[in-house]
file entry.pdb (PDB, C-alpha atoms)
ATOM      1  CA  MET A   1     -15.299  21.022 -35.327
ATOM      2  CA  PRO A   2     -15.116  19.210 -31.986
ATOM      3  CA  THR A   3     -11.689  18.693 -30.568
ATOM      4  CA  PRO A   4     -10.734  14.995 -30.550
ATOM      5  CA  PRO A   5      -9.950  13.544 -27.120
ATOM      6  CA  PRO A   6      -6.256  13.413 -26.298
ATOM      7  CA  ARG A   7      -4.612  10.120 -27.054
ATOM      8  CA  SER A   8      -3.144   8.327 -24.086
ATOM      9  CA  ALA A   9       0.593   7.992 -24.179
ATOM     10  CA  PRO A  10       1.797   4.467 -24.961
ATOM     11  CA  LEU A  11       3.327   2.519 -22.115
ATOM     12  CA  PRO A  12       7.133   2.677 -22.243
ATOM     13  CA  ARG A  13       8.704  -0.512 -23.457
ATOM     14  CA  PRO A  14      11.392  -1.997 -21.231
ATOM     15  CA  SER A  15      14.764  -1.530 -22.841
ATOM     16  CA  ARG A  16      16.363  -4.722 -24.071
ATOM     17  CA  PRO A  17      19.629  -5.603 -22.318
ATOM     18  CA  SER A  18      22.728  -4.943 -24.361
ATOM     19  CA  LEU A  19      24.683  -7.803 -25.909
ATOM     20  CA  THR A  20      27.356  -7.364 -23.241
ATOM     21  CA  GLU A  21      24.769  -7.599 -20.463
ATOM     22  CA  ARG A  22      23.175 -10.680 -22.022
ATOM     23  CA  ARG A  23      26.548 -12.400 -22.314
ATOM     24  CA  LYS A  24      27.324 -11.530 -18.704
ATOM     25  CA  THR A  25      24.003 -13.002 -17.572
ATOM     26  CA  GLU A  26      24.572 -16.165 -19.607
ATOM     27  CA  THR A  27      28.073 -16.557 -18.170
ATOM     28  CA  GLN A  28      26.809 -16.082 -14.620
ATOM     29  CA  LEU A  29      24.067 -18.658 -15.134
ATOM     30  CA  GLU A  30      26.502 -21.152 -16.647
ATOM     31  CA  ILE A  31      28.864 -20.742 -13.684
ATOM     32  CA  ALA A  32      25.871 -21.082 -11.342
ATOM     33  CA  ARG A  33      24.859 -24.388 -12.957
ATOM     34  CA  THR A  34      28.388 -25.692 -12.589
ATOM     35  CA  ALA A  35      28.586 -24.530  -8.965
ATOM     36  CA  ALA A  36      25.254 -26.160  -8.121
ATOM     37  CA  ALA A  37      26.306 -29.453  -9.693
ATOM     38  CA  LEU A  38      29.581 -29.434  -7.723
ATOM     39  CA  PHE A  39      27.870 -28.552  -4.431
ATOM     40  CA  ALA A  40      25.316 -31.316  -4.993
ATOM     41  CA  GLU A  41      28.093 -33.815  -5.722
ATOM     42  CA  ARG A  42      30.780 -32.844  -3.193
ATOM     43  CA  GLY A  43      29.000 -30.800  -0.555
ATOM     44  CA  THR A  44      30.668 -27.924   1.259
ATOM     45  CA  ALA A  45      34.163 -29.116   0.357
ATOM     46  CA  VAL A  46      33.802 -27.373  -3.026
ATOM     47  CA  THR A  47      36.070 -24.339  -3.477
ATOM     48  CA  ALA A  48      35.795 -21.270  -5.691
ATOM     49  CA  ASP A  49      38.820 -22.566  -7.592
ATOM     50  CA  ASP A  50      36.988 -25.861  -8.261
ATOM     51  CA  ILE A  51      33.995 -23.956  -9.647
ATOM     52  CA  ALA A  52      36.131 -21.663 -11.813
ATOM     53  CA  ARG A  53      38.142 -24.552 -13.229
ATOM     54  CA  ALA A  54      35.064 -26.646 -14.000
ATOM     55  CA  SER A  55      33.394 -23.605 -15.601
ATOM     56  CA  GLY A  56      36.393 -22.924 -17.811
ATOM     57  CA  VAL A  57      37.074 -19.442 -16.427
ATOM     58  CA  ALA A  58      39.989 -17.955 -14.526
ATOM     59  CA  LEU A  59      39.602 -17.555 -10.770
ATOM     60  CA  ARG A  60      39.944 -13.788 -11.247
ATOM     61  CA  THR A  61      36.997 -13.891 -13.669
ATOM     62  CA  PHE A  62      34.973 -15.891 -11.162
ATOM     63  CA  TYR A  63      35.486 -13.217  -8.507
ATOM     64  CA  ARG A  64      34.545 -10.527 -11.007
ATOM     65  CA  TYR A  65      31.059 -12.063 -11.042
ATOM     66  CA  PHE A  66      30.693 -13.444  -7.507
ATOM     67  CA  ARG A  67      31.938 -12.536  -4.040
ATOM     68  CA  SER A  68      32.082 -16.134  -2.823
ATOM     69  CA  LYS A  69      31.483 -19.731  -3.868
ATOM     70  CA  GLU A  70      28.055 -19.653  -2.214
ATOM     71  CA  ASP A  71      27.022 -16.531  -4.132
ATOM     72  CA  ALA A  72      27.760 -18.385  -7.355
ATOM     73  CA  VAL A  73      24.584 -20.483  -7.074
ATOM     74  CA  ALA A  74      22.252 -17.480  -6.714
ATOM     75  CA  PRO A  75      21.524 -17.004 -10.460
ATOM     76  CA  LEU A  76      20.346 -20.613 -10.723
ATOM     77  CA  LEU A  77      18.195 -20.370  -7.591
ATOM     78  CA  ALA A  78      16.676 -17.105  -8.813
ATOM     79  CA  ASP A  79      15.979 -18.241 -12.375
ATOM     80  CA  GLY A  80      12.656 -20.008 -11.745
ATOM     81  CA  VAL A  81      11.383 -17.265  -9.438
ATOM     82  CA  ARG A  82      12.304 -14.636 -12.027
ATOM     83  CA  GLN A  83      10.302 -16.470 -14.677
ATOM     84  CA  TRP A  84       7.319 -16.598 -12.316
ATOM     85  CA  ILE A  85       7.458 -12.864 -11.619
ATOM     86  CA  ASP A  86       7.847 -12.100 -15.348
ATOM     87  CA  GLU A  87       4.698 -14.142 -16.085
ATOM     88  CA  LEU A  88       2.803 -12.319 -13.341
ATOM     89  CA  ALA A  89       3.990  -8.956 -14.639
ATOM     90  CA  ALA A  90       2.587  -9.831 -18.062
ATOM     91  CA  ALA A  91      -0.815 -10.897 -16.677
ATOM     92  CA  PRO A  92      -3.749  -8.698 -17.695
ATOM     93  CA  ALA A  93      -5.467  -6.458 -15.170
ATOM     94  CA  GLY A  94      -9.093  -5.367 -15.311
ATOM     95  CA  ARG A  95     -12.638  -6.458 -14.666
ATOM     96  CA  ASP A  96     -12.508  -9.168 -17.326
ATOM     97  CA  ALA A  97      -9.282 -10.715 -16.014
ATOM     98  CA  PRO A  98      -9.322 -13.862 -13.840
ATOM     99  CA  PRO A  99      -9.029 -13.568 -10.046
ATOM    100  CA  VAL A 100      -5.515 -12.741  -8.866
ATOM    101  CA  ARG A 101      -5.380 -15.916  -6.747
ATOM    102  CA  GLU A 102      -6.015 -18.003  -9.853
ATOM    103  CA  THR A 103      -3.294 -16.124 -11.752
ATOM    104  CA  LEU A 104      -0.836 -16.633  -8.885
ATOM    105  CA  GLU A 105      -1.426 -20.379  -8.773
ATOM    106  CA  ARG A 106      -1.325 -20.836 -12.547
ATOM    107  CA  THR A 107       1.951 -18.948 -12.993
ATOM    108  CA  ALA A 108       3.543 -20.619  -9.944
ATOM    109  CA  ARG A 109       2.729 -24.084 -11.306
ATOM    110  CA  GLN A 110       4.062 -23.077 -14.691
ATOM    111  CA  ALA A 111       7.334 -21.797 -13.197
ATOM    112  CA  LEU A 112       7.878 -25.037 -11.250
ATOM    113  CA  THR A 113       6.987 -27.364 -14.146
ATOM    114  CA  PRO A 114      10.174 -28.266 -16.042
ATOM    115  CA  ALA A 115       9.737 -27.430 -19.722
ATOM    116  CA  ASP A 116      12.643 -29.633 -20.791
ATOM    117  CA  GLU A 117      15.453 -31.802 -19.435
ATOM    118  CA  PRO A 118      17.803 -28.877 -18.619
ATOM    119  CA  ALA A 119      15.023 -27.354 -16.504
ATOM    120  CA  ALA A 120      14.440 -30.671 -14.729
ATOM    121  CA  GLU A 121      18.172 -30.963 -14.137
ATOM    122  CA  ALA A 122      18.244 -27.464 -12.642
ATOM    123  CA  LEU A 123      15.563 -28.539 -10.159
ATOM    124  CA  ARG A 124      17.596 -31.624  -9.241
ATOM    125  CA  TRP A 125      20.636 -29.410  -8.649
ATOM    126  CA  THR A 126      18.484 -27.176  -6.456
ATOM    127  CA  ARG A 127      17.493 -30.262  -4.448
ATOM    128  CA  GLY A 128      21.171 -31.107  -3.988
ATOM    129  CA  LEU A 129      21.899 -27.558  -2.835
ATOM    130  CA  LEU A 130      19.049 -27.577  -0.338
ATOM    131  CA  ARG A 131      20.302 -30.825   1.128
ATOM    132  CA  VAL A 132      23.781 -29.448   1.842
ATOM    133  CA  MET A 133      22.537 -26.077   3.140
ATOM    134  CA  PRO A 134      22.214 -27.204   6.784
ATOM    135  CA  ASP A 135      26.006 -27.616   6.848
ATOM    136  CA  ASP A 136      26.732 -24.300   5.096
ATOM    137  CA  PRO A 137      25.214 -21.126   6.616
ATOM    138  CA  ALA A 138      26.528 -18.996   3.742
ATOM    139  CA  LEU A 139      24.787 -21.196   1.192
ATOM    140  CA  ARG A 140      21.583 -21.029   3.223
ATOM    141  CA  ALA A 141      21.930 -17.235   3.370
ATOM    142  CA  ALA A 142      22.167 -17.124  -0.438
ATOM    143  CA  TRP A 143      18.894 -19.069  -0.700
ATOM    144  CA  HIS A 144      17.062 -16.750   1.663
ATOM    145  CA  ARG A 145      18.537 -13.663  -0.004
ATOM    146  CA  VAL A 146      17.169 -14.832  -3.358
ATOM    147  CA  HIS A 147      13.706 -15.131  -1.838
ATOM    148  CA  HIS A 148      13.954 -11.801  -0.058
ATOM    149  CA  ASP A 149      14.800 -10.136  -3.381
ATOM    150  CA  SER A 150      11.950 -11.940  -5.135
ATOM    151  CA  GLU A 151       9.503 -10.766  -2.466
ATOM    152  CA  GLU A 152      10.607  -7.181  -3.096
ATOM    153  CA  ALA A 153      10.146  -7.675  -6.849
ATOM    154  CA  LEU A 154       6.679  -9.159  -6.332
ATOM    155  CA  MET A 155       5.266  -6.169  -4.479
ATOM    156  CA  PRO A 156       4.846  -3.716  -7.392
ATOM    157  CA  VAL A 157       3.505  -6.537  -9.571
ATOM    158  CA  LEU A 158       0.852  -7.511  -7.012
ATOM    159  CA  ALA A 159       0.053  -3.863  -6.329
ATOM    160  CA  ARG A 160      -0.921  -3.484  -9.979
ATOM    161  CA  LEU A 161      -2.883  -6.730 -10.092
ATOM    162  CA  THR A 162      -4.818  -6.299  -6.840
ATOM    163  CA  GLY A 163      -5.122  -2.532  -6.450
ATOM    164  CA  ALA A 164      -4.621  -3.151  -2.720
ATOM    165  CA  GLY A 165      -2.851  -0.899  -0.255
ATOM    166  CA  PRO A 166       0.818  -1.225   0.746
ATOM    167  CA  LEU A 167       0.276  -3.477   3.780
ATOM    168  CA  GLU A 168      -1.991  -5.938   1.953
ATOM    169  CA  THR A 169       0.337  -5.956  -1.032
ATOM    170  CA  ARG A 170       3.314  -6.757   1.175
ATOM    171  CA  LEU A 171       1.426  -9.529   2.963
ATOM    172  CA  ALA A 172       0.381 -11.041  -0.370
ATOM    173  CA  ALA A 173       3.939 -10.916  -1.712
ATOM    174  CA  ALA A 174       5.333 -12.513   1.447
ATOM    175  CA  ALA A 175       2.708 -15.278   1.440
ATOM    176  CA  ALA A 176       3.032 -16.093  -2.266
ATOM    177  CA  ASN A 177       6.826 -16.051  -2.182
ATOM    178  CA  THR A 178       6.892 -18.268   0.912
ATOM    179  CA  ALA A 179       4.537 -20.720  -0.798
ATOM    180  CA  MET A 180       6.998 -21.051  -3.682
ATOM    181  CA  ARG A 181       9.924 -21.562  -1.302
ATOM    182  CA  ILE A 182       8.177 -24.158   0.855
ATOM    183  CA  ALA A 183       6.947 -26.104  -2.181
ATOM    184  CA  VAL A 184      10.514 -26.468  -3.464
ATOM    185  CA  GLU A 185      11.938 -27.254  -0.013
ATOM    186  CA  GLU A 186       9.304 -29.922   0.679
ATOM    187  CA  TRP A 187       9.879 -31.529  -2.707
ATOM    188  CA  ALA A 188      13.660 -31.421  -2.213
ATOM    189  CA  ALA A 189      13.350 -33.229   1.131
ATOM    190  CA  GLY A 190      11.903 -36.265  -0.635
ATOM    191  CA  ASP A 191      12.847 -38.345  -3.647
ATOM    192  CA  GLY A 192      10.050 -37.476  -6.095
ATOM    193  CA  ALA A 193      10.787 -36.603  -9.696
ATOM    194  CA  PRO A 194      10.893 -32.900 -10.683
ATOM    195  CA  GLU A 195       7.801 -33.422 -12.807
ATOM    196  CA  GLY A 196       4.579 -35.362 -12.269
ATOM    197  CA  ALA A 197       2.352 -35.901  -9.246
ATOM    198  CA  GLN A 198       5.202 -35.574  -6.720
ATOM    199  CA  GLY A 199       6.858 -32.542  -8.298
ATOM    200  CA  PRO A 200       6.990 -29.051  -6.755
ATOM    201  CA  ALA A 201       4.418 -27.810  -9.285
ATOM    202  CA  GLU A 202       1.825 -30.056  -7.612
ATOM    203  CA  LEU A 203       2.747 -28.843  -4.130
ATOM    204  CA  VAL A 204       2.714 -25.108  -4.802
ATOM    205  CA  PRO A 205      -1.080 -24.649  -5.202
ATOM    206  CA  ARG A 206      -1.653 -26.279  -1.802
ATOM    207  CA  CYS A 207       0.984 -24.054  -0.205
ATOM    208  CA  MET A 208      -0.400 -20.977  -1.956
ATOM    209  CA  ARG A 209      -3.990 -21.625  -0.813
ATOM    210  CA  ALA A 210      -2.981 -22.304   2.787
ATOM    211  CA  LEU A 211      -0.760 -19.241   3.110
ATOM    212  CA  THR A 212      -2.997 -16.767   1.269
ATOM    213  CA  ALA A 213      -6.335 -17.900   2.743
ATOM    214  CA  GLY A 214      -6.654 -14.751   4.855
ATOM    215  CA  LEU A 215      -5.967 -12.348   1.976
ATOM    216  CA  PRO A 216      -9.324 -11.459   0.356
ATOM    217  CA  GLN A 217      -7.682  -8.969  -2.008
ATOM    218  CA  LEU A 218      -6.451 -11.956  -4.036
ATOM    219  CA  ASP A 219     -10.020 -13.059  -4.749
ATOM    220  CA  GLY A 220     -10.833  -9.905  -6.722
ATOM    221  CA  THR A 221     -10.346  -9.646 -10.455
ATOM    222  CA  ASN A 222      -6.971  -8.326 -11.551
ATOM    223  CA  GLY A 223      -6.695  -4.618 -10.841
ATOM    224  CA  ALA A 224     -10.262  -4.403  -9.529
ATOM    225  CA  ALA A 225      -9.622  -4.620  -5.806
ATOM    226  CA  GLY A 226      -9.762  -0.852  -5.361
ATOM    227  CA  GLY A 227      -7.289  -0.652  -2.467
ATOM    228  CA  THR A 228      -6.460   2.638  -0.778
ATOM    229  CA  ALA A 229      -3.194   4.056   0.378
ATOM    230  CA  GLY A 230      -4.305   3.401   3.929
ATOM    231  CA  GLY A 231      -3.715  -0.316   3.508
ATOM    232  CA  THR A 232      -6.352  -1.989   5.682
ATOM    233  CA  ALA A 233      -9.272  -0.267   4.015
ATOM    234  CA  GLY A 234      -7.940  -1.361   0.641
ATOM    235  CA  GLY A 235      -7.869  -4.991   1.731
ATOM    236  CA  GLU A 236     -11.404  -4.803   3.113
ATOM    237  CA  ASN A 237     -12.697  -3.153  -0.048
ATOM    238  CA  ALA A 238     -10.998  -5.814  -2.126
ATOM    239  CA  GLY A 239     -12.749  -8.544  -0.176
ATOM    240  CA  ARG A 240     -16.173  -6.893  -0.596
ATOM    241  CA  GLY A 241     -15.853  -5.544  -4.131
ATOM    242  CA  GLY A 242     -13.970  -8.264  -5.992
ATOM    243  CA  THR A 243     -15.538 -11.057  -7.979
ATOM    244  CA  HIS A 244     -15.281 -14.264  -5.974
ATOM    245  CA  PRO A 245     -15.086 -17.711  -7.499
ATOM    246  CA  GLY A 246     -18.313 -19.646  -7.204
ATOM    247  CA  ARG A 247     -20.576 -16.668  -6.585
TER     248      ARG A 247
END
call {"tool": "encode", "arguments": {"input": "entry.pdb", "output": "structure tokens"}}
result
Amino acid sequence: MPTPPPRSAPLPRPSRPSLTERRKTETQLEIARTAAALFAERGTAVTADDIARASGVALRTFYRYFRSKEDAVAPLLADGVRQWIDELAAAPAGRDAPPVRETLERTARQALTPADEPAAEALRWTRGLLRVMPDDPALRAAWHRVHHDSEEALMPVLARLTGAGPLETRLAAAAANTAMRIAVEEWAAGDGAPEGAQGPAELVPRCMRALTAGLPQLDGTNGAAGGTAGGTAGGENAGRGGTHPGR
């Protein structure tokens, strides 16, 4: 009797956060929403005590979660980017999958399209924060730290989707993450609504295309780029071997 082929081991499922961890995350996000609303309303005059009082927590509890008043807004700023990366991580890879560039644009638009009024309000709070950042270097540092962390989180996701080498993967992560940041900043500088033709979701595809135009590994089908550990060769192979739109 022929020996059956070995069965591949199932992919490990990510462990679900404990109830305590979920409550901590919810509390942090609630404090972040309150902090963002206060910053947008009062500017840099807001204090940690103001945020704690408005959030209904003791000042000691506030400092258990955050080092400073500026750090308190980070969970809100990171929420949309985290959703985007989660959607990318769930995207299929393989010859039958859509081009990575298309997946990037679709998930970015989805992340910046408010699903409901609380999501639209969160974008308006982000606009308020961005407008007071020039007067608060610590607040500006929190914004850039969020995007630095998201760029780091993007790299393994894009490595799986593109199959490109480390250098090309890092360039793609930096370009895509910067496109998201610039789309939100440009929208926040104006007075357009969070949704619709003037919303950040309409800006992000333009930013993404402009910033990733020189990255052929994004034109290949998910996981089919065939990059090598050497980096440059992987990017060149991706450009030659991937399926390109319109061919």
call {"tool": "resolve_selection", "arguments": {"input": "entry.pdb", "expression": "the PyMOL selection byres ((chain A and resi 75) around 10)", "output": "PyMOL selection string"}}
result
chain A and resi 25-26+28-33+71-74+76-80+82+146
call {"tool": "write_last_selection", "arguments": {"input": "entry.pdb", "atoms": "C-alpha atoms", "output": "CSV table (one decimal), in the coordinates of the input"}}
result
chain,number,residue,atom,x,y,z
A,25,THR,CA,24.0,-13.0,-17.6
A,26,GLU,CA,24.6,-16.2,-19.6
A,28,GLN,CA,26.8,-16.1,-14.6
A,29,LEU,CA,24.1,-18.7,-15.1
A,30,GLU,CA,26.5,-21.2,-16.6
A,31,ILE,CA,28.9,-20.7,-13.7
A,32,ALA,CA,25.9,-21.1,-11.3
A,33,ARG,CA,24.9,-24.4,-13.0
A,71,ASP,CA,27.0,-16.5,-4.1
A,72,ALA,CA,27.8,-18.4,-7.4
A,73,VAL,CA,24.6,-20.5,-7.1
A,74,ALA,CA,22.3,-17.5,-6.7
A,76,LEU,CA,20.3,-20.6,-10.7
A,77,LEU,CA,18.2,-20.4,-7.6
A,78,ALA,CA,16.7,-17.1,-8.8
A,79,ASP,CA,16.0,-18.2,-12.4
A,80,GLY,CA,12.7,-20.0,-11.7
A,82,ARG,CA,12.3,-14.6,-12.0
A,146,VAL,CA,17.2,-14.8,-3.4
call {"tool": "atom_distance", "arguments": {"input": "entry.pdb", "atom1": "atom CA of Leu59 of chain A", "atom2": "atom CA of Ala35 of chain A"}}
result
13.2 Å
call {"tool": "residues_around", "arguments": {"input": "entry.pdb", "residues": "Ser150 of chain A", "least_positions_apart": "4", "cutoff": "9 Å", "atoms": "all atoms listed in the file", "output": "PyMOL selection string"}}
result
chain A and resi 78+81-82+85+145-146+154-155+173+177
call {"tool": "residues_near_point", "arguments": {"input": "entry.pdb", "point": "(7.3, -30.2, -12.5)", "cutoff": "12 Å", "atoms": "all atoms listed in the file", "output": "ChimeraX atom specification"}}
result
/A:80,108-117,119-124,183-184,187,192-204
call {"tool": "closest_residue", "arguments": {"input": "entry.pdb", "among": "A:Gly56, A:Leu215, A:Trp84, A:Val132", "to": "Ala189 of chain A", "atoms": "all atoms listed in the file"}}
result
A:Val132
call {"tool": "closest_residue", "arguments": {"input": "entry.pdb", "among": "A:Arg23, A:Arg181, A:His144, A:Arg106", "to": "Glu87 of chain A", "atoms": "all atoms listed in the file"}}
result
A:Arg106
call {"tool": "atom_distance", "arguments": {"input": "entry.pdb", "atom1": "atom CA of Gly220 of chain A", "atom2": "atom CA of Thr103 of chain A"}}
result
11.0 Å
call {"tool": "resolve_selection", "arguments": {"input": "entry.pdb", "expression": "the PyMOL selection byres ((chain A and resi 61) around 12)", "output": "MDAnalysis selection string"}}
result
chainID A and resid 24 27:28 31 48:49 51:53 55:60 62:67
call {"tool": "write_last_selection", "arguments": {"input": "entry.pdb", "atoms": "C-alpha atoms", "output": "CSV table (one decimal), in the frame of the given file"}}
result
chain,number,residue,atom,x,y,z
A,24,LYS,CA,27.3,-11.5,-18.7
A,27,THR,CA,28.1,-16.6,-18.2
A,28,GLN,CA,26.8,-16.1,-14.6
A,31,ILE,CA,28.9,-20.7,-13.7
A,48,ALA,CA,35.8,-21.3,-5.7
A,49,ASP,CA,38.8,-22.6,-7.6
A,51,ILE,CA,34.0,-24.0,-9.6
A,52,ALA,CA,36.1,-21.7,-11.8
A,53,ARG,CA,38.1,-24.6,-13.2
A,55,SER,CA,33.4,-23.6,-15.6
A,56,GLY,CA,36.4,-22.9,-17.8
A,57,VAL,CA,37.1,-19.4,-16.4
A,58,ALA,CA,40.0,-18.0,-14.5
A,59,LEU,CA,39.6,-17.6,-10.8
A,60,ARG,CA,39.9,-13.8,-11.2
A,62,PHE,CA,35.0,-15.9,-11.2
A,63,TYR,CA,35.5,-13.2,-8.5
A,64,ARG,CA,34.5,-10.5,-11.0
A,65,TYR,CA,31.1,-12.1,-11.0
A,66,PHE,CA,30.7,-13.4,-7.5
A,67,ARG,CA,31.9,-12.5,-4.0
call {"tool": "resolve_selection", "arguments": {"input": "entry.pdb", "expression": "the PyMOL selection byres ((chain A and resi 156) around 12)", "output": "list in words"}}
result
Ile85, Asp86, Leu88, Ala89, Ser150, Glu151, Glu152, Ala153, Leu154, Met155, Val157, Leu158, Ala159, Arg160, Leu161, Thr162, Gly163, Ala164, Gly165, Pro166, Glu168, Thr169, Arg170, Ala172 and Ala173 of chain A
